[in-house]
>>> print(open('final.cif').read())   # mmCIF, N, CA and C atoms
data_coords
loop_
_atom_site.label_atom_id
_atom_site.label_comp_id
_atom_site.auth_asym_id
_atom_site.auth_seq_id
_atom_site.Cartn_x
_atom_site.Cartn_y
_atom_site.Cartn_z
N MET A 1 0.82 -1.20 0.00
CA MET A 1 0.00 0.00 0.00
C MET A 1 0.87 1.26 0.00
N GLU A 2 2.01 1.15 0.73
CA GLU A 2 2.92 2.29 0.80
C GLU A 2 3.51 2.61 -0.58
N GLN A 3 3.78 1.58 -1.38
CA GLN A 3 4.31 1.79 -2.72
C GLN A 3 3.29 2.49 -3.61
N LEU A 4 2.03 2.20 -3.42
CA LEU A 4 0.97 2.84 -4.19
C LEU A 4 0.95 4.34 -3.90
N TRP A 5 1.03 4.72 -2.62
CA TRP A 5 1.02 6.14 -2.27
C TRP A 5 2.27 6.85 -2.75
N SER A 6 3.40 6.14 -2.68
CA SER A 6 4.65 6.72 -3.17
C SER A 6 4.59 6.92 -4.68
N GLY A 7 4.03 5.96 -5.38
CA GLY A 7 3.85 6.08 -6.83
C GLY A 7 2.90 7.21 -7.19
N PHE A 8 1.87 7.40 -6.38
CA PHE A 8 0.93 8.50 -6.62
C PHE A 8 1.62 9.85 -6.45
N GLY A 9 2.51 9.96 -5.46
CA GLY A 9 3.26 11.19 -5.25
C GLY A 9 4.19 11.49 -6.43
N ILE A 10 4.85 10.46 -6.93
CA ILE A 10 5.72 10.64 -8.09
C ILE A 10 4.91 11.02 -9.32
N PHE A 11 3.75 10.41 -9.49
CA PHE A 11 2.87 10.76 -10.60
C PHE A 11 2.46 12.23 -10.52
N LEU A 12 2.12 12.70 -9.33
CA LEU A 12 1.75 14.11 -9.18
C LEU A 12 2.91 15.04 -9.52
N ASP A 13 4.13 14.65 -9.15
CA ASP A 13 5.30 15.44 -9.49
C ASP A 13 5.46 15.56 -11.01
N PHE A 14 5.39 14.45 -11.70
CA PHE A 14 5.55 14.47 -13.15
C PHE A 14 4.39 15.20 -13.84
N ALA A 15 3.18 15.02 -13.34
CA ALA A 15 2.03 15.71 -13.92
C ALA A 15 2.17 17.22 -13.76
N THR A 16 2.70 17.67 -12.64
CA THR A 16 2.92 19.10 -12.42
C THR A 16 3.96 19.64 -13.39
N ILE A 17 5.03 18.91 -13.59
CA ILE A 17 6.08 19.33 -14.52
C ILE A 17 5.55 19.40 -15.94
N ILE A 18 4.77 18.42 -16.34
CA ILE A 18 4.21 18.40 -17.69
C ILE A 18 3.22 19.55 -17.90
N ALA A 19 2.38 19.81 -16.92
CA ALA A 19 1.41 20.91 -17.04
C ALA A 19 2.13 22.26 -17.10
N SER A 20 3.20 22.41 -16.35
CA SER A 20 3.97 23.66 -16.40
C SER A 20 4.64 23.83 -17.76
N ALA A 21 5.20 22.77 -18.28
CA ALA A 21 5.84 22.83 -19.60
C ALA A 21 4.80 23.13 -20.68
N LEU A 22 3.63 22.57 -20.55
CA LEU A 22 2.56 22.82 -21.52
C LEU A 22 2.13 24.28 -21.49
N ALA A 23 2.01 24.84 -20.30
CA ALA A 23 1.65 26.26 -20.17
C ALA A 23 2.72 27.14 -20.80
N ALA A 24 4.00 26.82 -20.56
CA ALA A 24 5.08 27.59 -21.16
C ALA A 24 5.04 27.50 -22.68
N TRP A 25 4.73 26.32 -23.21
CA TRP A 25 4.65 26.14 -24.66
C TRP A 25 3.50 26.97 -25.24
N PHE A 26 2.35 26.98 -24.60
CA PHE A 26 1.22 27.77 -25.11
C PHE A 26 1.54 29.26 -25.08
N TRP A 27 2.20 29.73 -24.03
CA TRP A 27 2.55 31.15 -23.98
C TRP A 27 3.61 31.49 -25.01
N TYR A 28 4.51 30.54 -25.28
CA TYR A 28 5.50 30.76 -26.34
C TYR A 28 4.80 30.89 -27.70
N GLN A 29 3.83 30.03 -27.95
CA GLN A 29 3.08 30.10 -29.20
C GLN A 29 2.33 31.42 -29.32
N ALA A 30 1.75 31.88 -28.23
CA ALA A 30 1.00 33.13 -28.26
C ALA A 30 1.91 34.33 -28.52
N SER A 31 3.12 34.29 -27.99
CA SER A 31 4.02 35.42 -28.17
C SER A 31 4.78 35.37 -29.49
N ALA A 32 4.83 34.23 -30.13
CA ALA A 32 5.60 34.10 -31.37
C ALA A 32 4.87 34.70 -32.58
N ASN A 33 3.60 34.94 -32.45
CA ASN A 33 2.80 35.45 -33.57
C ASN A 33 2.71 36.97 -33.51
N GLN A 34 3.41 37.65 -34.44
CA GLN A 34 3.39 39.10 -34.43
C GLN A 34 2.54 39.62 -35.58
N ILE A 35 1.94 40.77 -35.38
CA ILE A 35 1.07 41.39 -36.38
C ILE A 35 1.90 42.33 -37.23
N HIS A 36 1.68 42.28 -38.53
CA HIS A 36 2.38 43.16 -39.47
C HIS A 36 1.97 44.61 -39.21
N ARG A 37 2.94 45.47 -39.07
CA ARG A 37 2.67 46.89 -38.83
C ARG A 37 2.36 47.58 -40.15
N VAL A 38 1.43 48.52 -40.12
CA VAL A 38 1.06 49.28 -41.30
C VAL A 38 1.85 50.59 -41.28
N HIS A 39 2.49 50.90 -42.41
CA HIS A 39 3.25 52.14 -42.53
C HIS A 39 2.33 53.27 -42.97
N ALA A 40 2.82 54.48 -42.84
CA ALA A 40 2.02 55.66 -43.21
C ALA A 40 1.71 55.69 -44.70
N SER A 41 2.56 55.07 -45.50
CA SER A 41 2.33 55.08 -46.96
C SER A 41 1.32 54.02 -47.38
N GLU A 42 1.01 53.08 -46.52
CA GLU A 42 0.06 52.01 -46.87
C GLU A 42 -1.37 52.41 -46.49
N THR A 43 -2.30 51.77 -47.16
CA THR A 43 -3.71 51.98 -46.80
C THR A 43 -4.15 50.81 -45.92
N PHE A 44 -4.95 51.13 -44.94
CA PHE A 44 -5.46 50.13 -44.00
C PHE A 44 -6.88 49.81 -44.44
N ASP A 45 -7.07 48.62 -45.02
CA ASP A 45 -8.39 48.25 -45.52
C ASP A 45 -8.95 47.08 -44.70
N TYR A 46 -10.06 46.53 -45.17
CA TYR A 46 -10.73 45.48 -44.41
C TYR A 46 -9.91 44.19 -44.36
N HIS A 47 -9.02 43.97 -45.34
CA HIS A 47 -8.16 42.78 -45.28
C HIS A 47 -7.21 42.89 -44.08
N ASP A 48 -6.65 44.06 -43.88
CA ASP A 48 -5.75 44.28 -42.74
C ASP A 48 -6.50 44.16 -41.43
N LEU A 49 -7.68 44.71 -41.36
CA LEU A 49 -8.48 44.63 -40.14
C LEU A 49 -8.83 43.18 -39.81
N ASN A 50 -9.18 42.42 -40.83
CA ASN A 50 -9.50 41.01 -40.61
C ASN A 50 -8.28 40.26 -40.10
N ARG A 51 -7.10 40.53 -40.64
CA ARG A 51 -5.88 39.88 -40.20
C ARG A 51 -5.57 40.21 -38.74
N VAL A 52 -5.78 41.45 -38.35
CA VAL A 52 -5.53 41.87 -36.98
C VAL A 52 -6.52 41.19 -36.02
N ILE A 53 -7.78 41.14 -36.40
CA ILE A 53 -8.80 40.52 -35.54
C ILE A 53 -8.53 39.02 -35.38
N VAL A 54 -8.16 38.35 -36.46
CA VAL A 54 -7.86 36.91 -36.38
C VAL A 54 -6.65 36.67 -35.49
N ALA A 55 -5.62 37.49 -35.61
CA ALA A 55 -4.43 37.33 -34.77
C ALA A 55 -4.76 37.56 -33.30
N ILE A 56 -5.58 38.56 -33.02
CA ILE A 56 -5.97 38.82 -31.63
C ILE A 56 -6.77 37.64 -31.07
N ASN A 57 -7.68 37.11 -31.85
CA ASN A 57 -8.49 35.98 -31.39
C ASN A 57 -7.64 34.73 -31.16
N ARG A 58 -6.70 34.47 -32.06
CA ARG A 58 -5.83 33.30 -31.88
C ARG A 58 -4.96 33.44 -30.65
N ASN A 59 -4.43 34.64 -30.42
CA ASN A 59 -3.62 34.85 -29.22
C ASN A 59 -4.45 34.72 -27.96
N ALA A 60 -5.70 35.17 -28.01
CA ALA A 60 -6.57 35.03 -26.84
C ALA A 60 -6.83 33.55 -26.54
N ILE A 61 -7.02 32.74 -27.56
CA ILE A 61 -7.23 31.31 -27.36
C ILE A 61 -5.99 30.67 -26.77
N ARG A 62 -4.81 31.02 -27.31
CA ARG A 62 -3.56 30.44 -26.78
C ARG A 62 -3.30 30.89 -25.34
N ASN A 63 -3.58 32.14 -25.05
CA ASN A 63 -3.41 32.62 -23.68
C ASN A 63 -4.37 31.94 -22.72
N ARG A 64 -5.59 31.68 -23.18
CA ARG A 64 -6.56 30.98 -22.34
C ARG A 64 -6.09 29.55 -22.05
N ARG A 65 -5.55 28.87 -23.07
CA ARG A 65 -5.02 27.52 -22.86
C ARG A 65 -3.85 27.53 -21.89
N ALA A 66 -2.98 28.53 -22.03
CA ALA A 66 -1.82 28.62 -21.14
C ALA A 66 -2.26 28.90 -19.71
N ALA A 67 -3.23 29.76 -19.54
CA ALA A 67 -3.73 30.06 -18.19
C ALA A 67 -4.38 28.81 -17.57
N LEU A 68 -5.10 28.06 -18.36
CA LEU A 68 -5.71 26.83 -17.86
C LEU A 68 -4.64 25.81 -17.48
N ALA A 69 -3.61 25.67 -18.30
CA ALA A 69 -2.52 24.74 -17.98
C ALA A 69 -1.78 25.18 -16.72
N SER A 70 -1.62 26.48 -16.54
CA SER A 70 -0.98 26.98 -15.31
C SER A 70 -1.84 26.70 -14.09
N ALA A 71 -3.14 26.86 -14.23
CA ALA A 71 -4.04 26.57 -13.13
C ALA A 71 -4.01 25.09 -12.77
N VAL A 72 -3.96 24.23 -13.78
CA VAL A 72 -3.86 22.79 -13.52
C VAL A 72 -2.54 22.47 -12.82
N ALA A 73 -1.44 23.10 -13.27
CA ALA A 73 -0.14 22.86 -12.63
C ALA A 73 -0.16 23.32 -11.18
N ALA A 74 -0.77 24.47 -10.92
CA ALA A 74 -0.85 24.97 -9.54
C ALA A 74 -1.70 24.05 -8.68
N ALA A 75 -2.80 23.56 -9.22
CA ALA A 75 -3.66 22.65 -8.47
C ALA A 75 -2.94 21.33 -8.18
N LEU A 76 -2.24 20.81 -9.17
CA LEU A 76 -1.48 19.58 -8.96
C LEU A 76 -0.38 19.77 -7.92
N LEU A 77 0.27 20.91 -7.97
CA LEU A 77 1.31 21.19 -6.98
C LEU A 77 0.72 21.30 -5.58
N ALA A 78 -0.44 21.95 -5.46
CA ALA A 78 -1.09 22.06 -4.16
C ALA A 78 -1.49 20.69 -3.63
N ILE A 79 -2.01 19.85 -4.50
CA ILE A 79 -2.38 18.50 -4.09
C ILE A 79 -1.13 17.72 -3.68
N ASP A 80 -0.05 17.88 -4.44
CA ASP A 80 1.20 17.18 -4.12
C ASP A 80 1.77 17.62 -2.79
N VAL A 81 1.77 18.92 -2.52
CA VAL A 81 2.27 19.41 -1.24
C VAL A 81 1.38 18.94 -0.09
N GLY A 82 0.07 18.98 -0.30
CA GLY A 82 -0.84 18.48 0.73
C GLY A 82 -0.66 16.99 0.95
N PHE A 83 -0.48 16.27 -0.11
CA PHE A 83 -0.26 14.83 -0.01
C PHE A 83 1.04 14.52 0.72
N ALA A 84 2.10 15.29 0.43
CA ALA A 84 3.39 15.07 1.09
C ALA A 84 3.32 15.41 2.57
N SER A 85 2.55 16.42 2.92
CA SER A 85 2.45 16.78 4.33
C SER A 85 1.63 15.75 5.12
N ILE A 86 0.69 15.12 4.49
CA ILE A 86 -0.10 14.07 5.15
C ILE A 86 0.74 12.81 5.34
N MET A 87 1.50 12.47 4.34
CA MET A 87 2.30 11.25 4.40
C MET A 87 3.55 11.54 5.19
#
>>> encode(input="final.cif", output="structure tokens")
Amino acid sequence: MEQLWSGFGIFLDFATIIASALAAWFWYQASANQIHRVHASETFDYHDLNRVIVAINRNAIRNRRAALASAVAAALLAIDVGFASIM
């Protein structure tokens, strides 16, 4: 029975590491996408506006995924610390 609890603690450690790495990857993806700047000589039309809106929406989705992965990592870490203090 003791091995089962020890294995559960190790599983929580690895799950926390994976969730943290996943959050970092999502935030990297969100920051890697830059919007093309419009110069004064260019005209800003509906194609440009659509590109900006799509980029903002995609970054919002990636940031939401990263925030969720961070929350999962924090919850797993809290469970792991609580589990370690009980054992």
>>> resolve_selection(input="final.cif", expression="the PyMOL selection byres ((chain A and resi 68-82) around 6)", output="JSON, numbers by chain")
{"A": [12, 16, 19, 20, 22, 23, 63, 64, 65, 66, 67, 83, 84, 85, 86]}
>>> atom_distance(input="final.cif", atom1="atom CA of A:Gln34", atom2="atom CA of A:Ile56")
9.8 Å
>>> select_by_dssp(input="final.cif", residues="chain A", states="helix (DSSP H, G or I)", output="PyMOL selection string")
chain A and resi 2-32+46-86
>>> closest_residue(input="final.cif", among="A:Thr43, A:Asn50, A:Ser6, A:Asn59", to="A:Gln29", atoms="only C-alpha atoms")
A:Asn59
>>> atom_distance(input="final.cif", atom1="atom CA of A:His39", atom2="atom N of A:Ile53")
16.7 Å
>>> atom_distance(input="final.cif", atom1="atom CA of A:Ile10", atom2="atom N of A:Met87")
13.3 Å
>>> residues_around(input="final.cif", residues="A:Ala32", least_positions_apart="3", cutoff="12 Å", atoms="only C-alpha atoms", output="ChimeraX atom specification")
/A:25-29,35,55,58-59,62-63
>>> build_atoms(input="final.cif", residues="stretch 15-41 of chain A", atoms="N, CA, C and O atoms", output="compact mmCIF listing (two decimals), in the coordinates of the input")
# COMPACT_ATOMS: atom_id res chain seq x y z
N ALA A 15 3.18 15.02 -13.34
CA ALA A 15 2.03 15.71 -13.92
C ALA A 15 2.17 17.22 -13.76
O ALA A 15 1.82 17.99 -14.68
N THR A 16 2.70 17.67 -12.64
CA THR A 16 2.92 19.10 -12.42
C THR A 16 3.96 19.64 -13.39
O THR A 16 3.80 20.71 -13.97
N ILE A 17 5.03 18.91 -13.59
CA ILE A 17 6.08 19.33 -14.52
C ILE A 17 5.55 19.40 -15.94
O ILE A 17 5.81 20.36 -16.68
N ILE A 18 4.77 18.42 -16.34
CA ILE A 18 4.21 18.40 -17.69
C ILE A 18 3.22 19.55 -17.90
O ILE A 18 3.24 20.22 -18.93
N ALA A 19 2.38 19.81 -16.92
CA ALA A 19 1.41 20.91 -17.04
C ALA A 19 2.13 22.26 -17.10
O ALA A 19 1.72 23.15 -17.86
N SER A 20 3.20 22.41 -16.35
CA SER A 20 3.97 23.66 -16.40
C SER A 20 4.64 23.83 -17.76
O SER A 20 4.66 24.93 -18.31
N ALA A 21 5.20 22.77 -18.28
CA ALA A 21 5.84 22.83 -19.60
C ALA A 21 4.80 23.13 -20.68
O ALA A 21 5.08 23.89 -21.62
N LEU A 22 3.63 22.57 -20.55
CA LEU A 22 2.56 22.82 -21.52
C LEU A 22 2.13 24.28 -21.49
O LEU A 22 1.92 24.90 -22.53
N ALA A 23 2.01 24.84 -20.30
CA ALA A 23 1.65 26.26 -20.17
C ALA A 23 2.72 27.14 -20.80
O ALA A 23 2.41 28.10 -21.51
N ALA A 24 4.00 26.82 -20.56
CA ALA A 24 5.08 27.59 -21.16
C ALA A 24 5.04 27.50 -22.68
O ALA A 24 5.26 28.49 -23.38
N TRP A 25 4.73 26.32 -23.21
CA TRP A 25 4.65 26.14 -24.66
C TRP A 25 3.50 26.97 -25.24
O TRP A 25 3.66 27.60 -26.28
N PHE A 26 2.35 26.98 -24.60
CA PHE A 26 1.22 27.77 -25.11
C PHE A 26 1.54 29.26 -25.08
O PHE A 26 1.19 30.00 -25.99
N TRP A 27 2.20 29.73 -24.03
CA TRP A 27 2.55 31.15 -23.98
C TRP A 27 3.61 31.49 -25.01
O TRP A 27 3.62 32.57 -25.57
N TYR A 28 4.51 30.54 -25.28
CA TYR A 28 5.50 30.76 -26.34
C TYR A 28 4.80 30.89 -27.70
O TYR A 28 5.13 31.75 -28.50
N GLN A 29 3.83 30.03 -27.95
CA GLN A 29 3.08 30.10 -29.20
C GLN A 29 2.33 31.42 -29.32
O GLN A 29 2.26 32.01 -30.40
N ALA A 30 1.75 31.88 -28.23
CA ALA A 30 1.00 33.13 -28.26
C ALA A 30 1.91 34.33 -28.52
O ALA A 30 1.52 35.28 -29.19
N SER A 31 3.12 34.29 -27.99
CA SER A 31 4.02 35.42 -28.17
C SER A 31 4.78 35.37 -29.49
O SER A 31 5.34 36.38 -29.92
N ALA A 32 4.83 34.23 -30.13
CA ALA A 32 5.60 34.10 -31.37
C ALA A 32 4.87 34.70 -32.58
O ALA A 32 5.49 34.96 -33.60
N ASN A 33 3.60 34.94 -32.45
CA ASN A 33 2.80 35.45 -33.57
C ASN A 33 2.71 36.97 -33.51
O ASN A 33 2.04 37.52 -32.65
N GLN A 34 3.41 37.65 -34.44
CA GLN A 34 3.39 39.10 -34.43
C GLN A 34 2.54 39.62 -35.58
O GLN A 34 2.46 39.01 -36.64
N ILE A 35 1.94 40.77 -35.38
CA ILE A 35 1.07 41.39 -36.38
C ILE A 35 1.90 42.33 -37.23
O ILE A 35 2.72 43.10 -36.72
N HIS A 36 1.68 42.28 -38.53
CA HIS A 36 2.38 43.16 -39.47
C HIS A 36 1.97 44.61 -39.21
O HIS A 36 0.79 44.92 -39.14
N ARG A 37 2.94 45.47 -39.07
CA ARG A 37 2.67 46.89 -38.83
C ARG A 37 2.36 47.58 -40.15
O ARG A 37 2.96 47.30 -41.17
N VAL A 38 1.43 48.52 -40.12
CA VAL A 38 1.06 49.28 -41.30
C VAL A 38 1.85 50.59 -41.28
O VAL A 38 1.89 51.29 -40.27
N HIS A 39 2.49 50.90 -42.41
CA HIS A 39 3.25 52.14 -42.53
C HIS A 39 2.33 53.27 -42.97
O HIS A 39 1.22 53.06 -43.45
N ALA A 40 2.82 54.48 -42.84
CA ALA A 40 2.02 55.66 -43.21
C ALA A 40 1.71 55.69 -44.70
O ALA A 40 0.67 56.22 -45.11
N SER A 41 2.56 55.07 -45.50
CA SER A 41 2.33 55.08 -46.96
C SER A 41 1.32 54.02 -47.38
O SER A 41 0.83 54.06 -48.51
